[in-house]
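Chemist: Have a look at this one.
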Amino acid sequence: MDFKRCDQTVAWTALQGHFEAHGRDFDLREQFARDPQRFAQFTLAAPEVFADLSKNRWDVATRRLLTELARECGLEARRDAMFAGEPINTTEGRAVLHTALRAPRGQGLFSDEVHGVLDRMLAFADSVRDIAASGIRHVVNIGIGGSDLGPQMVVPALDAYAHPGITLHFVSNVDGHDITPVLRRLQPSETLFIIASKTFTTQETMANAAVARDWFLAHGGDEAAIASHFVGATTNLAAAAAFGIHTTFGFWDWVGGRYSLWSAIGLPIAIAIGSDHFRALLAGAHAMDQHFATTPLHDNLPVQLGLLDVWYRNFHRFTSRSVAPYHQGLKRLPAYLQQLEMESNGKQVDLAGERLPIGSSPVVWGEPGTNGQHAYFQMLHQGTDVIPVEFIAVKHPTHPHTGLQAKALANCLAQSQALMLGKTTEAALAERAPTASATLGKLTLARHRTFPGNRPSTTLLLERLTPSALGALIALYEHRVFTSGVLWGINSFDQWGVELGKALASELLPRLSDPARLGDGSGLDASTAGLLAWLTAGAA
Ligand code: F6P
């Protein structure tokens, strides 16, 4: 595939000069003081999302050059190739078509197949939601990575829309401490298990599915009942049938795991919120797809966010980004984004297999505000590293506690303000801090209470956390990750980096489970052999 890596462009060289002249010492406070239009210039409206990018370390020239960089890297052509179903996942020879999953009937590629499964899945979801007929009160999704994180993030986010009589559980970890407490609370007759696995071979999911089946049979369920209490969401229908699952909802190899919540992997979401709301989730994502596909790059929100990511990673050399949703429903968003961004763009070679001379994915991490404020925000404000923060806030809550909502929003705005404004030592000297030591020198104390400021942040605002708004927000992140991936010239749609550990775990497994090989450290490095010996001592 033809591609141009960002560091090989004319715009890159221009950006290097621009960074030296105007980027390295960029001061947000000065920029706001100088330019009364800054907020208006650096805010963008996309479907369902209003974005304030003005508290970032860029100016009009930076944005113009970055947009030029995107053009030179052929972002528009690569985007169009994705939408057109070209095999842009080159290392696996696959198309990348999660956008087709949310295209309205008759409009996207593979529309008949997509809407055929969607209709069937949503009809099934609605039948489960009819508790009087289904008897189902608990749904356990067994899956991991992309077959877990999307539904696990969306279900609490849309709790206000959820069926009050059905509890969703998520089991992912092969560590038995995950499934054990879940099963303890369940009755087979009231429980539906969804075995969610694109490949239907993933060790963790297969192992947990087997535990669930054994539990089901040991607690009064029988083989015949398995057919109505276990369903599958997978591309591997044959393997699901071999497991004894007869109700399956398929999808296709052109749906990447971390882009799959729009497919049959979304079944737990559909059961929680119902078919109409699931369709609204898809519609919100589709609206963002349209924005990404048609809006000029300069005003294209996912594009501009992706460009800022490149600017920060490769010029400012910031290595991480923190996400702070000021909505408790979005508590799993940072974990979801970790897979989306780090599994997509955590790559060290470009599409031609050449080693990247520049940094790729930053570390993405975070917690909902205001919890994070009482944990690691100290470091964000006064630590030695600059970490751009992404605030997400929702104007209208679904709870009735207006006082709490005002406090959450005030905190959100205050944090981005504090990061940017900081506090000088002079200002700290002029203050009286009630809890400060009375014996420490005034200047020493003031230095401890100084904030450097000029710390960048982005704020994304939603009117309401509706299914449609959440769909748009997730699609926004998908396309932003696509944008930076294109600029870095990498394949954002494979994940070879997870293979080595899987293979080594299979090799180690008999040494921990086979009585004939227990603790066998032969051929292992001394550290692994020593740890193995410790773990298996006395177990024979
Ligand atoms: O961790 C690697 C990975 O392949 C992810 O990309 C994927 O989401 C996850 O495993 C689960 O895979 P599957 O859906 O095939 O069980």
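Scheme for the structure tokens: letters A, B, ... for chains in order shown; per-chain residue numbers from 1; ligand numbers from 1 in order shown.
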Please identify all protein, DNA and RNA residues within 10 Å of ligand 1, counting only C-alpha atoms and all ligand atoms, and report them as a PyMOL selection string.

Modeler: chain A and resi 142-150+172+195-206+233-236+256-260+265+339-340+343-344+493-499+502

Chemist: Those selected residues, please, written with N, CA and C atoms and delivered as a CSV table (one decimal), in the first residue's frame.

Modeler:
chain,number,residue,atom,x,y,z
A,142,ILE,N,-19.3,-13.5,28.6
A,142,ILE,CA,-18.0,-14.0,28.8
A,142,ILE,C,-17.2,-13.7,27.5
A,143,GLY,N,-16.2,-12.9,27.6
A,143,GLY,CA,-15.4,-12.4,26.5
A,143,GLY,C,-14.2,-11.6,27.1
A,144,ILE,N,-13.3,-11.3,26.2
A,144,ILE,CA,-12.1,-10.5,26.7
A,144,ILE,C,-11.7,-9.5,25.6
A,145,GLY,N,-11.0,-8.5,26.0
A,145,GLY,CA,-10.5,-7.5,25.1
A,145,GLY,C,-11.7,-6.8,24.4
A,146,GLY,N,-11.6,-6.8,23.0
A,146,GLY,CA,-12.7,-6.2,22.3
A,146,GLY,C,-14.0,-6.9,22.4
A,147,SER,N,-14.0,-8.1,22.9
A,147,SER,CA,-15.3,-8.8,23.1
A,147,SER,C,-15.8,-8.6,24.5
A,148,ASP,N,-15.3,-7.6,25.2
A,148,ASP,CA,-15.7,-7.4,26.6
A,148,ASP,C,-15.7,-5.9,26.9
A,149,LEU,N,-14.6,-5.2,26.5
A,149,LEU,CA,-14.5,-3.8,27.0
A,149,LEU,C,-15.5,-2.8,26.4
A,150,GLY,N,-16.0,-3.0,25.2
A,150,GLY,CA,-17.0,-2.2,24.6
A,150,GLY,C,-18.3,-2.3,25.4
A,172,SER,N,-14.2,-11.7,32.2
A,172,SER,CA,-13.2,-11.7,31.2
A,172,SER,C,-11.9,-12.4,31.5
A,195,ILE,N,-21.4,-16.1,25.1
A,195,ILE,CA,-20.0,-16.4,24.8
A,195,ILE,C,-19.5,-15.6,23.7
A,196,ALA,N,-18.8,-14.5,24.0
A,196,ALA,CA,-18.4,-13.5,23.0
A,196,ALA,C,-17.0,-13.6,22.6
A,197,SER,N,-16.7,-14.1,21.4
A,197,SER,CA,-15.3,-14.2,20.9
A,197,SER,C,-15.3,-14.2,19.4
A,198,LYS,N,-14.6,-13.3,18.9
A,198,LYS,CA,-14.5,-13.2,17.4
A,198,LYS,C,-14.0,-14.5,16.9
A,199,THR,N,-12.9,-15.0,17.5
A,199,THR,CA,-12.3,-16.3,17.0
A,199,THR,C,-12.9,-17.5,17.6
A,200,PHE,N,-13.5,-17.4,18.7
A,200,PHE,CA,-13.9,-18.6,19.5
A,200,PHE,C,-12.8,-19.5,19.8
A,201,THR,N,-11.6,-19.0,20.0
A,201,THR,CA,-10.4,-19.8,20.4
A,201,THR,C,-9.7,-19.2,21.5
A,202,THR,N,-10.0,-18.0,21.9
A,202,THR,CA,-9.3,-17.3,22.9
A,202,THR,C,-9.3,-18.0,24.2
A,203,GLN,N,-8.1,-18.3,24.8
A,203,GLN,CA,-7.9,-19.2,25.9
A,203,GLN,C,-8.8,-18.8,27.1
A,204,GLU,N,-8.8,-17.5,27.5
A,204,GLU,CA,-9.5,-17.0,28.6
A,204,GLU,C,-11.0,-17.3,28.5
A,205,THR,N,-11.5,-16.9,27.3
A,205,THR,CA,-12.9,-17.0,27.1
A,205,THR,C,-13.4,-18.5,27.0
A,206,MET,N,-12.6,-19.3,26.3
A,206,MET,CA,-13.0,-20.7,26.2
A,206,MET,C,-13.0,-21.4,27.6
A,233,ALA,N,-21.6,-15.0,20.2
A,233,ALA,CA,-21.4,-13.9,19.3
A,233,ALA,C,-20.0,-14.1,18.7
A,234,THR,N,-19.9,-14.4,17.5
A,234,THR,CA,-18.6,-14.9,16.9
A,234,THR,C,-18.6,-14.9,15.4
A,235,THR,N,-17.4,-14.9,14.9
A,235,THR,CA,-17.2,-15.1,13.4
A,235,THR,C,-17.0,-16.6,13.2
A,236,ASN,N,-16.8,-17.4,14.2
A,236,ASN,CA,-16.5,-18.8,14.1
A,236,ASN,C,-17.7,-19.7,14.5
A,256,GLY,N,-12.7,-5.5,13.4
A,256,GLY,CA,-11.6,-5.7,14.3
A,256,GLY,C,-12.2,-5.9,15.7
A,257,GLY,N,-11.6,-6.6,16.6
A,257,GLY,CA,-12.1,-6.9,17.9
A,257,GLY,C,-12.4,-5.6,18.7
A,258,ARG,N,-11.5,-4.6,18.7
A,258,ARG,CA,-11.7,-3.4,19.4
A,258,ARG,C,-12.6,-2.4,18.7
A,259,TYR,N,-13.1,-2.8,17.6
A,259,TYR,CA,-14.1,-2.0,16.9
A,259,TYR,C,-15.4,-2.7,16.7
A,260,SER,N,-15.6,-3.7,17.6
A,260,SER,CA,-16.7,-4.6,17.4
A,260,SER,C,-18.0,-4.4,18.2
A,265,ILE,N,-21.2,-8.5,18.9
A,265,ILE,CA,-20.6,-8.3,20.2
A,265,ILE,C,-21.3,-7.3,21.1
A,339,GLN,N,-7.4,0.0,25.1
A,339,GLN,CA,-7.3,-1.0,24.1
A,339,GLN,C,-7.4,-0.3,22.7
A,340,LEU,N,-8.4,0.5,22.6
A,340,LEU,CA,-8.7,1.1,21.2
A,340,LEU,C,-7.4,1.8,20.7
A,343,GLU,N,-3.7,-0.7,21.5
A,343,GLU,CA,-3.6,-1.9,20.7
A,343,GLU,C,-3.6,-1.5,19.2
A,344,SER,N,-4.2,-0.4,18.9
A,344,SER,CA,-4.2,0.0,17.5
A,344,SER,C,-2.9,0.7,17.1
A,493,PHE,N,-4.7,-1.8,12.7
A,493,PHE,CA,-5.7,-2.8,12.8
A,493,PHE,C,-5.2,-4.2,13.0
A,494,ASP,N,-3.9,-4.4,13.2
A,494,ASP,CA,-3.5,-5.7,13.7
A,494,ASP,C,-3.0,-5.6,15.1
A,495,GLN,N,-2.6,-6.7,15.7
A,495,GLN,CA,-2.2,-6.7,17.1
A,495,GLN,C,-1.2,-7.9,17.3
A,496,TRP,N,-0.2,-7.9,16.5
A,496,TRP,CA,0.8,-9.0,16.7
A,496,TRP,C,1.5,-9.0,18.0
A,497,GLY,N,1.5,-7.9,18.7
A,497,GLY,CA,2.2,-7.7,19.9
A,497,GLY,C,1.6,-8.6,21.1
A,498,VAL,N,0.4,-9.1,20.8
A,498,VAL,CA,-0.2,-10.0,21.9
A,498,VAL,C,0.1,-11.4,21.7
A,499,GLU,N,0.8,-11.8,20.6
A,499,GLU,CA,1.0,-13.2,20.3
A,499,GLU,C,2.0,-13.9,21.1
A,502,LYS,N,1.0,-15.1,24.5
A,502,LYS,CA,0.1,-16.2,24.4
A,502,LYS,C,0.8,-17.5,24.2

Chemist: Show which residues sit within 12 Å of Leu476 (chain A), as a VMD selection string. Count only C-alpha atoms, and ignore same-chain residues fewer than 5 positions away.

Modeler: chain A and resid 45 to 51 99 284 to 293 300 to 306 337 340 460 469 to 471 481 to 483

Chemist: Quick one: distance from CA of Ala84 (chain A) to CA of Arg355 (chain A) in Å, one decimal?

Modeler: 28.5 Å

Chemist: I'd like the neighbourhood of Gly359 (chain A) as a list in words, where a residue qualifies if any of its atoms comes within 10 Å (using only C-alpha atoms), though same-chain residues fewer than 6 positions away should be ignored.

Modeler: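 Within the cut-off, the hits are Val310, Arg313, Asn314, Phe315, Arg317, Phe318, Thr319, Gly346, Lys347, Gln348 and Trp488 of chain A.
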
Chemist: Restricting the calculation to only C-alpha atoms: of A:Pro467, A:Gly501, A:Gly135, A:Pro400, which residue gets closest to Thr191 (chain A)?

Modeler: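 The shortest atom-to-atom distance to Thr191 (chain A) comes from A:Gly135.
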
Chemist: If you count only C-alpha atoms, which residues fall within 12 Å of region 25-39 of chain A, apart from same-chain ones fewer than 4 positions away, as a ChimeraX atom specification?

Modeler: /A:18-21,43-44,51-60,62,316,416-423,452-459
